[in-house]
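Novice: Got a structure for you, questions after.
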Amino acid sequence: MNLLRFLGMMLLAYLAMGNASALAADVVQAAPTAEAAQTQRALLEQRVTAKWDALIRKDFATAYSFTSPSYRKLFSLDAFRSSFGNKVAWRRVEVVDVEFKGGDAATVGINIHFVYHQPQAEKPLDMQTYVQEPWVFVDGQWWYLVKS
Amino acid sequence: MMNRKMKQLALAVGVALGGLSLVPSAQAVSVAKNNLGQALIFPYYTVRGGWTTLFGVTNTSNQVVAVKVRFREAYNSRDVFDFNLILSPHDLWTAWVTDSPNGPVIRTEDSSCTVGNIVGTGATGVTFPAPVSYVGSAADGGPTDVDRMREGYVEMIMMGASPGTPAAVYPLAAGAIHGAATGTPPGCAALVSAFQNPAALGSYGPCPTGTSANAGVSNTLRGEFCNYAQIPATGTQAAPLPLQPLKGTYALVNGAKGFNAVGLPVALQNFRNTGAMTLQLDSVGPVPFNNSWHEPSLNSTTSTGFQFIPTPTATDPGALSIIIGGVTGVTGALMRTNVINEWSRRSNPAAGWVTATDWVLTFPTKNFFVDNDAGNRYAGRNNVSCPGPTGRCNATPVGTAAVAVPFTQMFVDTSATTPVRRGSSCDAITLTLRDREERASTGLGFSPGASPQLCYETNVLTFNQGLILNSPIAASVNYSDPFLFGWMNVGLNSIPAGASNFGLPVVGFAITSRDDSATALLSEAALYDHSYVSPSTMTIGNPGYPTNGPVSPP
């Protein structure tokens, strides 16, 4: 990864978190610290969880605001909303793992807990599945990269 | 087990009889039109991209039925997870597989007995075991990671049936019957123990009558599960009843996208006429291959295979295509020269609605032709426990050219002077893509590669990169025409030198998703079974159609 780009990214991330006091110390370091990476992960996890919390509330407008700028240029909120079906009810998510791919992309593994009601059954099934979501870092923020 | 000469003789007789007769023999494996059978082939399972696959199987009979459930991965049909399911009379069992960071997980809320035990795992599930069947000495040139287990297909094969009553005579089978008060079978632990004890395997014989324990029958698997093709006549039942007890369903549910699609497995009727009870133990030590968890398989049919095919006179049952038993029986029942279905693909984000289609084409017996690895018990063709009546004995020996027919290319071939572990096995296909106004595509492409081909046991075709099943081995049918939807005809006409084109043994479906913002509909998906064209004739005999060993277990 380009070092200057990563440091710039760290700067934007820390500013976004209001953590300006830690900034000077990071800038003078020659390489990203484990602490900085941890902070970046925390920021990303917060964004992932917030997006899913919105989906669980069926607040598609808020969830849409987490999608990448390039996606939003092409797809309307209605298109985003209509990309989801109503056959399951999401309950909660948990971030399981994060794999950074350079400084501007990451794959986030999450467990989605949901309920599926088989048409022919009395009780709904409590289910969970593991998915890996692509996220990108653009303009100082993490965004969900929708497969379209 | 028949020796080679006897087998050739039987084969010749079978061909002669098949050619002369318009009526199926008493035992002839075929695709059941009524969706009830002795073996079920679920064309696809996946846990990729948020997908969960649910399975349901019903025992419609009054017998206790033992079923081998086996998950096979998509590349080369290697067994990645299997267990035995013991169904109460009239029981419906359900389970689902979903993804985890460590690979597929199976979960069930059902209490029916299973060996290995997955009962009551709804909350936690049982993770598929770490890969064994395609790593180390079993490697086949394909991937060796956990990810390989995330898609494939499932086979459920009836192993045997038991009256289950009186309990004194059939204590093991009776223990699988759900208790009236608790709803839970009381004897699952005893069944688990029996399936893991070579001394409890026993031998086949008529189902005993009487009310007290029967030495040599009670507490043995083959003694108690004494029925298979039919329920014998009894005092209250004047005539034998045919036993085709299994009905299946499946659903693909995407937990991330919120849509689902449902389908029916292929049901094979008249799969066997004798029991196929085996241990839930590997074929090592005292356990010969035929008694191990590797069997029964789709090589286990004791019946000739046939299909009803159209005739110019429209007479019914029409002409029959007959092939002798073993894997060739099932293969013959599934041979198709063409696969036909619909597709839809609209990717313009401004259009208001977006569609995508994937096709699944699974060759569930392909491994018995292209996976030739004599010493590898996980290979479709192996000589473990051979020579003798206790192994599959269908691998080609070193120094002899292995024949992949009706397929073109060996996936693994250790008979070659330099062993081949190719990691794929490709057959050329033809594509005719049309829109709904019968216009054929004039700008058809295919990726990867330029020529259309299917290289795995479970294949996914997508249209203009729609890829709703998220399969990493998907190939894309790419067209430049301004088509939005239509139908496609896939020709399975890969013809190896010296062989006639009988097509390939295939099952599958098309799945289409639709996102619709123009009409405020939410996203939805639907699954459509393929339509097929059968070959008009089939010829048995190398190089026309090798039999690749005996029925296993015999």
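Here, A, B, ... name the chains of the structure tokens in the order displayed, residue numbers run from 1 inside each chain, and ligands are numbered from 1 in the same displayed order.
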Which residues of chain B come within 7 Å of chain A, and what is each one's closest atom pair and distance in Å (one decimal), counting only C-alpha atoms, sorted by chain and residue number, as a Markdown table?
Specialist:
| residue | atom | partner | partner_atom | distance |
| --- | --- | --- | --- | --- |
| B:Gly49 | CA | A:Val131 | CA | 6.0 |
| B:Gly50 | CA | A:Val131 | CA | 5.4 |
| B:Thr98 | CA | A:Thr129 | CA | 5.5 |
| B:Asp99 | CA | A:Tyr130 | CA | 5.0 |
| B:Ser100 | CA | A:Tyr130 | CA | 4.9 |
| B:Pro101 | CA | A:Tyr130 | CA | 6.7 |
| B:Gly255 | CA | A:Val88 | CA | 6.5 |
| B:Lys257 | CA | A:Phe84 | CA | 5.0 |
| B:Gly258 | CA | A:Gly85 | CA | 4.3 |
| B:Phe259 | CA | A:Gly85 | CA | 4.7 |
| B:Asn260 | CA | A:Lys87 | CA | 6.7 |
| B:Pro349 | CA | A:Phe75 | CA | 5.9 |
| B:Asp515 | CA | A:Ser83 | CA | 5.0 |
| B:Asp516 | CA | A:Ser82 | CA | 5.6 |
| B:Ser517 | CA | A:Ala79 | CA | 5.1 |
| B:Leu521 | CA | A:Ser82 | CA | 6.6 |
| B:Leu522 | CA | A:Ser82 | CA | 4.7 |
| B:Ser523 | CA | A:Gly85 | CA | 4.3 |
| B:Glu524 | CA | A:Gly85 | CA | 5.7 |
Novice: Name the residues in contact with A:Phe137 at a cut-off of 7 Å, using only C-alpha atoms, excluding same-chain residues fewer than 6 positions from it; report them as a PyMOL selection string.
Specialist: chain A and resi 104-105+143
Novice: Please report, as a tab-separated table, each residue of stretch 25-98 of chain B lying at most 10 Å from stretch 464-488 of chain B, together with the nearest pair of atoms and the separation in Å rounded to one decimal; use only C-alpha atoms, and order rows by chain and ascending residue number.
Specialist:
residue	atom	partner	partner_atom	distance
B:Thr46	CA	B:Leu469	CA	7.8
B:Val47	CA	B:Leu469	CA	9.1
B:Arg48	CA	B:Asn470	CA	6.1
B:Gly49	CA	B:Asn470	CA	5.6
B:Gly50	CA	B:Asn470	CA	9.0
B:Trp51	CA	B:Leu469	CA	7.7
B:Ala74	CA	B:Ile473	CA	8.8
B:Tyr75	CA	B:Ile473	CA	8.6
Novice: Could you write out that same residue set with C-alpha atoms as a PDB file, in the first residue's frame?
Specialist:
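The file below, result-v1.pdb, is the result:
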ATOM      1  CA  THR B  46     -24.939 -23.813  -1.771  1.00  0.00           C
ATOM      2  CA  VAL B  47     -24.008 -21.710   1.224  1.00  0.00           C
ATOM      3  CA  ARG B  48     -22.318 -18.974  -0.792  1.00  0.00           C
ATOM      4  CA  GLY B  49     -23.377 -15.348  -0.979  1.00  0.00           C
ATOM      5  CA  GLY B  50     -25.899 -15.521   1.859  1.00  0.00           C
ATOM      6  CA  TRP B  51     -27.605 -18.641   0.508  1.00  0.00           C
ATOM      7  CA  ALA B  74     -19.141 -29.435  -7.019  1.00  0.00           C
ATOM      8  CA  TYR B  75     -15.761 -30.089  -8.646  1.00  0.00           C
TER       9      TYR B  75
END
Novice: Kindly indicate which residue among A:Phe66, A:Asp59, A:Pro134, A:Leu145 lies nearest to A:Phe100, using only C-alpha atoms for the distances.
Specialist: A:Pro134
Novice: Counting only C-alpha atoms, which residue out of B:Thr249, B:Asn501, B:Thr442, B:Asn341 sits closest to B:Val154?
Specialist: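 Counting only C-alpha atoms, the residue closest to B:Val154 is B:Thr249.
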Novice: Mind pulling up the distance from atom CA of B:Thr182 to atom CA of A:Gln120?
Specialist: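 Taking atom CA of A:Gln120 and atom CA of B:Thr182, their separation equals 22.9 Å.
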Novice: Excluding A:Lys51 and its own-chain neighbours fewer than 3 positions away, which residues fall within 9 Å of it when counting only C-alpha atoms? Please give them as a tab-separated table (two decimals) with N, CA and C atoms, in the first residue's frame.
Specialist:
chain	number	residue	atom	x	y	z
A	46	GLN	N	-18.15	-0.32	12.97
A	46	GLN	CA	-19.26	0.55	13.36
A	46	GLN	C	-20.15	0.86	12.16
A	47	ARG	N	-19.52	1.09	11.02
A	47	ARG	CA	-20.28	1.38	9.80
A	47	ARG	C	-21.08	0.15	9.34
A	48	VAL	N	-20.44	-1.02	9.38
A	48	VAL	CA	-21.13	-2.25	8.97
A	48	VAL	C	-22.35	-2.49	9.86
A	54	ALA	N	-29.91	-0.47	10.33
A	54	ALA	CA	-30.92	0.22	9.52
A	54	ALA	C	-31.76	-0.77	8.72
A	55	LEU	N	-31.11	-1.78	8.14
A	55	LEU	CA	-31.86	-2.79	7.39
A	55	LEU	C	-32.82	-3.54	8.30
A	56	ILE	N	-32.36	-3.86	9.49
A	56	ILE	CA	-33.22	-4.58	10.43
A	56	ILE	C	-34.46	-3.74	10.76
A	62	THR	N	-31.59	5.03	5.28
A	62	THR	CA	-30.34	5.09	6.04
A	62	THR	C	-29.35	4.05	5.55
A	63	ALA	N	-29.85	2.83	5.31
A	63	ALA	CA	-28.95	1.79	4.81
A	63	ALA	C	-28.34	2.19	3.47
A	64	TYR	N	-29.15	2.81	2.66
A	64	TYR	CA	-28.69	3.28	1.33
A	64	TYR	C	-27.56	4.29	1.47
A	65	SER	N	-27.59	5.08	2.53
A	65	SER	CA	-26.57	6.11	2.71
A	65	SER	C	-25.20	5.52	3.00
A	66	PHE	N	-25.16	4.24	3.32
A	66	PHE	CA	-23.87	3.58	3.56
A	66	PHE	C	-23.28	2.97	2.28
A	67	THR	N	-24.04	2.98	1.19
A	67	THR	CA	-23.51	2.39	-0.04
A	67	THR	C	-22.53	3.35	-0.70
A	144	TYR	N	-20.20	0.63	1.73
A	144	TYR	CA	-20.56	-0.72	1.31
A	144	TYR	C	-20.58	-0.79	-0.22
Novice: Write down as a ChimeraX atom specification the residues belonging to stretch 34-136 of chain A that are assigned alpha helix (DSSP H) by DSSP computed on the backbone.
Specialist: /A:34-56,60-64,69-74,77-81
Novice: B:Gln230: which residues within 8 Å, counting only C-alpha atoms, same-chain residues fewer than 6 positions away excluded, as a PyMOL selection string?
Specialist: chain B and resi 240-243
Novice: Print the selection's residues with C-alpha atoms to a file, as a PDB file, in the first residue's frame.
Specialist:
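The resulting file, part_31.pdb, is shown below:
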ATOM      1  CA  PRO B 240     -47.015 -57.139  -1.690  1.00  0.00           C
ATOM      2  CA  LEU B 241     -46.875 -53.344  -1.718  1.00  0.00           C
ATOM      3  CA  PRO B 242     -44.317 -51.515  -3.820  1.00  0.00           C
ATOM      4  CA  LEU B 243     -41.959 -49.546  -1.651  1.00  0.00           C
TER       5      LEU B 243
END
